[in-house]
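Trainee: My questions will all concern the structure given below.
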Amino acid sequence: MESKQLKWAYLVVLALVWGSSFILIKKGLVGLTAMQLGSLRIIFASIFLIFIGFKSAAKIPSFKWKYIALTSLFGTFIPAYLFAIAQTEIDSSVSSILNSLTPLNTLVIGALVFGLQFKRNQTFGILIGLIGSALLILNGAFHHPEQNYYYAILVLIASICYAVNVNLIKKYLHDLSPLSITTGNFIVLLVPAFTVLLFTNFFSQVGELKVQESVLFIMILGVVGTGLANILFFKLIQMSSPVFATSVTYLIPVVAFCWGLLDHEMLTPVQLFGAFIVLIGVYLSAKK
């Protein structure tokens, strides 16, 4: 398969996998706390990746481990907990839509920190995306008073973390294999995630049926939605660009919204309009 076709194939597969992640988080929160969920997600991914990719991590030069640590922090550790905490209060479909701001934030971070150049249509796209996000959040807060939409800010922070991550990978780790980067990330994260888990009461609850069912959902999320997906994502960054790679978030809300409908989630017409505006803004910000 040609490189151009392959990168689009990667994009679609990632959209299906990551679009399903939000409903897995929702199911995981039935029996787990947000901190337990975030820790288990990382631990399952770490065990899987160390098992299949430990030898590849040995190929990482010693001077690049600082960048591996940074990408693990911004690309996985912080977002894993932020998304779990956010979805204790807001719907999974809303979370996925706000996550689609990642390409927009990738452009902003790239320009401010990594020297990328803005174009007029990209600046316009950023403003449109922010307007759509505000509409989505404010209307959701009005129509769903039982949900605390301040938690949506956590998703926005997570999308900024993702933006920092992809720029770091493109600039400093572009010459490493995706498996090396991903395995290195989770070698770094295994001990911190397990430490966080120890400070929860997970091990006293693990015998409960609902906890075990939630753990199963998070095992799938960790291995497939985090471990395998990150390998694919890093490969996509290397073969395309940070903005193209993060454009997977155009498609993620569509998948997540379908899962949300099956789980009886509904967006108001104004929220749907806000989601559309967000995606238009993201499209314009990524357009060359």
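Chain lettering (A, B, ...) mirrors the order of the structure tokens, residue numbering begins at 1 for each chain separately, and ligand numbering begins at 1 in order of display.
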Determine which residues of segment 115-259 of chain A receive a DSSP assignment of alpha helix (DSSP H), computed from the backbone, and state them as a VMD selection string.
Mentor: chain A and resid 120 to 143 152 to 172 178 to 198 202 to 205 209 to 220 229 to 239 242 to 246 252 to 259
Trainee: Neighbours of Leu29 of chain A within 12 Å (only C-alpha atoms; same-chain residues fewer than 3 positions away dropped), as a short mmCIF file (atom, residue, chain, number, x, y, z; two decimals) with N, CA, C and O atoms, in the first residue's frame?
Mentor:
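Output below, filename result_23.cif:
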data_model
loop_
_atom_site.label_atom_id
_atom_site.label_comp_id
_atom_site.auth_asym_id
_atom_site.auth_seq_id
_atom_site.Cartn_x
_atom_site.Cartn_y
_atom_site.Cartn_z
N PHE A 22 -13.95 6.36 24.77
CA PHE A 22 -14.75 7.17 25.69
C PHE A 22 -15.86 6.34 26.34
O PHE A 22 -16.17 6.52 27.52
N ILE A 23 -16.46 5.44 25.57
CA ILE A 23 -17.50 4.59 26.16
C ILE A 23 -16.87 3.56 27.09
O ILE A 23 -17.46 3.16 28.10
N LEU A 24 -15.63 3.13 26.80
CA LEU A 24 -14.93 2.20 27.69
C LEU A 24 -14.62 2.88 29.02
O LEU A 24 -14.72 2.26 30.09
N ILE A 25 -14.23 4.15 28.96
CA ILE A 25 -14.00 4.91 30.19
C ILE A 25 -15.29 5.00 31.00
O ILE A 25 -15.31 4.80 32.22
N LYS A 26 -16.39 5.29 30.31
CA LYS A 26 -17.69 5.40 30.98
C LYS A 26 -18.06 4.09 31.68
O LYS A 26 -18.51 4.08 32.83
N LEU A 32 -15.09 1.65 39.17
CA LEU A 32 -13.79 2.19 39.54
C LEU A 32 -13.86 3.70 39.76
O LEU A 32 -14.71 4.38 39.17
N THR A 33 -12.97 4.22 40.58
CA THR A 33 -12.83 5.66 40.69
C THR A 33 -11.98 6.15 39.51
O THR A 33 -11.32 5.35 38.83
N ALA A 34 -11.98 7.45 39.30
CA ALA A 34 -11.21 8.01 38.19
C ALA A 34 -9.72 7.72 38.34
O ALA A 34 -9.03 7.41 37.36
N MET A 35 -9.20 7.82 39.56
CA MET A 35 -7.78 7.58 39.78
C MET A 35 -7.43 6.11 39.57
O MET A 35 -6.36 5.78 39.03
N GLN A 36 -8.31 5.21 39.99
CA GLN A 36 -8.09 3.79 39.76
C GLN A 36 -8.10 3.49 38.26
O GLN A 36 -7.25 2.75 37.75
N LEU A 37 -9.06 4.07 37.57
CA LEU A 37 -9.19 3.83 36.14
C LEU A 37 -7.95 4.31 35.39
O LEU A 37 -7.39 3.59 34.56
N GLY A 38 -7.52 5.54 35.67
CA GLY A 38 -6.34 6.07 34.99
C GLY A 38 -5.11 5.22 35.24
O GLY A 38 -4.32 4.95 34.32
N LEU A 40 -4.97 1.95 36.17
CA LEU A 40 -5.09 0.62 35.56
C LEU A 40 -4.92 0.70 34.05
O LEU A 40 -4.33 -0.21 33.44
N ARG A 41 -5.42 1.74 33.45
CA ARG A 41 -5.25 1.93 32.00
C ARG A 41 -3.77 1.95 31.64
O ARG A 41 -3.33 1.28 30.70
N TYR A 81 -5.69 10.48 33.47
CA TYR A 81 -6.44 10.84 34.68
C TYR A 81 -7.45 11.95 34.40
O TYR A 81 -8.57 11.92 34.93
N PHE A 83 -9.14 12.67 31.60
CA PHE A 83 -10.33 12.17 30.92
C PHE A 83 -11.22 11.38 31.88
O PHE A 83 -12.45 11.49 31.83
N ALA A 84 -10.60 10.57 32.73
CA ALA A 84 -11.39 9.76 33.67
C ALA A 84 -12.14 10.66 34.66
O ALA A 84 -13.32 10.46 34.94
N ILE A 85 -11.45 11.68 35.18
CA ILE A 85 -12.10 12.61 36.12
C ILE A 85 -13.22 13.38 35.42
O ILE A 85 -14.32 13.54 35.97
N ALA A 86 -12.95 13.85 34.21
CA ALA A 86 -13.94 14.64 33.47
C ALA A 86 -15.21 13.84 33.23
O ALA A 86 -16.33 14.36 33.37
N GLN A 87 -15.08 12.55 32.89
CA GLN A 87 -16.25 11.76 32.57
C GLN A 87 -17.03 11.27 33.78
O GLN A 87 -18.04 10.59 33.64
N THR A 88 -16.59 11.66 34.97
CA THR A 88 -17.44 11.45 36.14
C THR A 88 -18.58 12.47 36.16
O THR A 88 -19.55 12.29 36.89
N GLU A 89 -18.45 13.52 35.33
CA GLU A 89 -19.45 14.59 35.33
C GLU A 89 -20.06 14.89 33.97
O GLU A 89 -21.19 15.37 33.90
N ASP A 91 -20.84 13.77 29.68
CA ASP A 91 -21.06 12.60 28.82
C ASP A 91 -19.81 12.28 27.99
O ASP A 91 -19.02 13.16 27.65
N SER A 92 -19.68 11.01 27.62
CA SER A 92 -18.55 10.57 26.82
C SER A 92 -18.53 11.23 25.45
O SER A 92 -17.46 11.55 24.91
N LYS A 210 -18.81 -5.83 40.09
CA LYS A 210 -18.84 -4.64 39.24
C LYS A 210 -17.43 -4.07 39.03
O LYS A 210 -17.13 -3.49 37.97
N VAL A 211 -16.57 -4.24 40.02
CA VAL A 211 -15.18 -3.81 39.88
C VAL A 211 -14.47 -4.68 38.85
O VAL A 211 -13.74 -4.17 37.98
N GLN A 212 -14.68 -5.97 38.92
CA GLN A 212 -14.05 -6.89 37.97
C GLN A 212 -14.51 -6.63 36.54
O GLN A 212 -13.71 -6.68 35.60
N GLU A 213 -15.80 -6.34 36.38
CA GLU A 213 -16.32 -6.02 35.04
C GLU A 213 -15.69 -4.73 34.51
O GLU A 213 -15.32 -4.64 33.33
N SER A 214 -15.56 -3.74 35.38
CA SER A 214 -14.94 -2.48 34.97
C SER A 214 -13.47 -2.67 34.62
O SER A 214 -12.97 -2.07 33.67
N VAL A 215 -12.79 -3.52 35.38
CA VAL A 215 -11.37 -3.80 35.10
C VAL A 215 -11.22 -4.42 33.71
O VAL A 215 -10.27 -4.11 32.98
N LEU A 216 -12.16 -5.27 33.32
CA LEU A 216 -12.12 -5.89 32.00
C LEU A 216 -12.21 -4.83 30.90
O LEU A 216 -11.47 -4.88 29.91
N PHE A 217 -13.13 -3.87 31.07
CA PHE A 217 -13.25 -2.78 30.09
C PHE A 217 -11.95 -1.98 30.00
O PHE A 217 -11.51 -1.60 28.90
N ILE A 218 -11.32 -1.74 31.14
CA ILE A 218 -10.10 -0.93 31.15
C ILE A 218 -8.90 -1.73 30.64
O ILE A 218 -7.96 -1.15 30.10
#
Trainee: Can you pull out every residue within 12 Å of Trp259 of chain A, counting only C-alpha atoms, but drop anything in the same chain fewer than 4 positions away, and send it as a list in words?
Mentor: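 Residues near the query, excluding close chain neighbours: Leu16, Val17, Trp18, Gly19, Ser20, Ser21, Phe22, Ile23, Leu24, Ile25, Lys26, Lys27, Asp91, Ser92, Ser93, Val94, Ser96, Ile252, Pro253, Val254, Val255, Asp263, His264, Glu265 and Met266 of chain A.
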Trainee: For the selection you just gave me, I'd like the residues written to a file as a PDB file, in the first residue's frame, keeping N, CA and C atoms.
Mentor:
ATOM      1  N   LEU A  16     -11.539   4.643  14.915  1.00  0.00           N
ATOM      2  CA  LEU A  16     -12.422   3.592  15.441  1.00  0.00           C
ATOM      3  C   LEU A  16     -12.005   3.176  16.845  1.00  0.00           C
ATOM      4  N   VAL A  17     -10.690   3.036  17.042  1.00  0.00           N
ATOM      5  CA  VAL A  17     -10.189   2.596  18.351  1.00  0.00           C
ATOM      6  C   VAL A  17     -10.382   3.686  19.396  1.00  0.00           C
ATOM      7  N   TRP A  18      -9.897   4.894  19.099  1.00  0.00           N
ATOM      8  CA  TRP A  18      -9.987   5.969  20.085  1.00  0.00           C
ATOM      9  C   TRP A  18     -11.415   6.487  20.245  1.00  0.00           C
ATOM     10  N   GLY A  19     -12.217   6.389  19.190  1.00  0.00           N
ATOM     11  CA  GLY A  19     -13.619   6.784  19.330  1.00  0.00           C
ATOM     12  C   GLY A  19     -14.374   5.876  20.280  1.00  0.00           C
ATOM     13  N   SER A  20     -13.901   4.640  20.416  1.00  0.00           N
ATOM     14  CA  SER A  20     -14.521   3.683  21.337  1.00  0.00           C
ATOM     15  C   SER A  20     -13.978   3.823  22.754  1.00  0.00           C
ATOM     16  N   SER A  21     -12.897   4.573  22.914  1.00  0.00           N
ATOM     17  CA  SER A  21     -12.260   4.699  24.230  1.00  0.00           C
ATOM     18  C   SER A  21     -13.152   5.402  25.250  1.00  0.00           C
ATOM     19  N   PHE A  22     -13.950   6.363  24.772  1.00  0.00           N
ATOM     20  CA  PHE A  22     -14.748   7.166  25.694  1.00  0.00           C
ATOM     21  C   PHE A  22     -15.861   6.344  26.343  1.00  0.00           C
ATOM     22  N   ILE A  23     -16.462   5.442  25.572  1.00  0.00           N
ATOM     23  CA  ILE A  23     -17.496   4.592  26.165  1.00  0.00           C
ATOM     24  C   ILE A  23     -16.866   3.564  27.093  1.00  0.00           C
ATOM     25  N   LEU A  24     -15.635   3.126  26.797  1.00  0.00           N
ATOM     26  CA  LEU A  24     -14.935   2.201  27.691  1.00  0.00           C
ATOM     27  C   LEU A  24     -14.618   2.884  29.017  1.00  0.00           C
ATOM     28  N   ILE A  25     -14.232   4.150  28.957  1.00  0.00           N
ATOM     29  CA  ILE A  25     -14.001   4.909  30.191  1.00  0.00           C
ATOM     30  C   ILE A  25     -15.294   4.998  30.997  1.00  0.00           C
ATOM     31  N   LYS A  26     -16.392   5.294  30.308  1.00  0.00           N
ATOM     32  CA  LYS A  26     -17.690   5.398  30.985  1.00  0.00           C
ATOM     33  C   LYS A  26     -18.059   4.089  31.675  1.00  0.00           C
ATOM     34  N   LYS A  27     -17.860   2.974  30.975  1.00  0.00           N
ATOM     35  CA  LYS A  27     -18.171   1.669  31.565  1.00  0.00           C
ATOM     36  C   LYS A  27     -17.215   1.352  32.714  1.00  0.00           C
ATOM     37  N   ASP A  91     -20.839  13.766  29.681  1.00  0.00           N
ATOM     38  CA  ASP A  91     -21.061  12.600  28.822  1.00  0.00           C
ATOM     39  C   ASP A  91     -19.815  12.282  27.989  1.00  0.00           C
ATOM     40  N   SER A  92     -19.684  11.012  27.616  1.00  0.00           N
ATOM     41  CA  SER A  92     -18.546  10.568  26.819  1.00  0.00           C
ATOM     42  C   SER A  92     -18.526  11.233  25.448  1.00  0.00           C
ATOM     43  N   SER A  93     -19.701  11.471  24.847  1.00  0.00           N
ATOM     44  CA  SER A  93     -19.751  12.101  23.526  1.00  0.00           C
ATOM     45  C   SER A  93     -19.258  13.547  23.583  1.00  0.00           C
ATOM     46  N   VAL A  94     -19.597  14.269  24.643  1.00  0.00           N
ATOM     47  CA  VAL A  94     -19.128  15.656  24.820  1.00  0.00           C
ATOM     48  C   VAL A  94     -17.615  15.664  24.997  1.00  0.00           C
ATOM     49  N   SER A  96     -15.479  13.535  23.839  1.00  0.00           N
ATOM     50  CA  SER A  96     -14.818  13.233  22.570  1.00  0.00           C
ATOM     51  C   SER A  96     -14.806  14.441  21.641  1.00  0.00           C
ATOM     52  N   ILE A 252     -13.031  10.880  15.513  1.00  0.00           N
ATOM     53  CA  ILE A 252     -13.292  10.282  16.829  1.00  0.00           C
ATOM     54  C   ILE A 252     -14.681  10.646  17.365  1.00  0.00           C
ATOM     55  N   PRO A 253     -15.115  11.938  17.289  1.00  0.00           N
ATOM     56  CA  PRO A 253     -16.442  12.265  17.825  1.00  0.00           C
ATOM     57  C   PRO A 253     -17.579  11.519  17.136  1.00  0.00           C
ATOM     58  N   VAL A 254     -17.420  11.221  15.848  1.00  0.00           N
ATOM     59  CA  VAL A 254     -18.467  10.488  15.123  1.00  0.00           C
ATOM     60  C   VAL A 254     -18.629   9.096  15.708  1.00  0.00           C
ATOM     61  N   VAL A 255     -17.501   8.406  15.925  1.00  0.00           N
ATOM     62  CA  VAL A 255     -17.538   7.066  16.516  1.00  0.00           C
ATOM     63  C   VAL A 255     -18.071   7.132  17.945  1.00  0.00           C
ATOM     64  N   ASP A 263     -25.810   4.102  24.136  1.00  0.00           N
ATOM     65  CA  ASP A 263     -25.836   4.115  25.608  1.00  0.00           C
ATOM     66  C   ASP A 263     -26.769   5.200  26.143  1.00  0.00           C
ATOM     67  N   HIS A 264     -27.687   5.666  25.272  1.00  0.00           N
ATOM     68  CA  HIS A 264     -28.756   6.608  25.658  1.00  0.00           C
ATOM     69  C   HIS A 264     -28.253   8.003  26.015  1.00  0.00           C
ATOM     70  N   GLU A 265     -27.131   8.425  25.425  1.00  0.00           N
ATOM     71  CA  GLU A 265     -26.689   9.803  25.568  1.00  0.00           C
ATOM     72  C   GLU A 265     -27.291  10.623  24.429  1.00  0.00           C
ATOM     73  N   MET A 266     -27.618  11.880  24.728  1.00  0.00           N
ATOM     74  CA  MET A 266     -28.181  12.756  23.692  1.00  0.00           C
ATOM     75  C   MET A 266     -27.562  14.144  23.795  1.00  0.00           C
TER      76      MET A 266
END
Trainee: When you count only C-alpha atoms, which of these residues is closest to Phe273 of chain A: A:Val248, A:Leu232, A:Leu107, A:Ile131?
Mentor: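 That would be A:Ile131, the residue with the smallest distance to Phe273 of chain A.
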Trainee: State, in Å with one decimal place, the distance from atom CA of Ile50 of chain A to atom CA of Leu11 of chain A.
Mentor: 24.7 Å
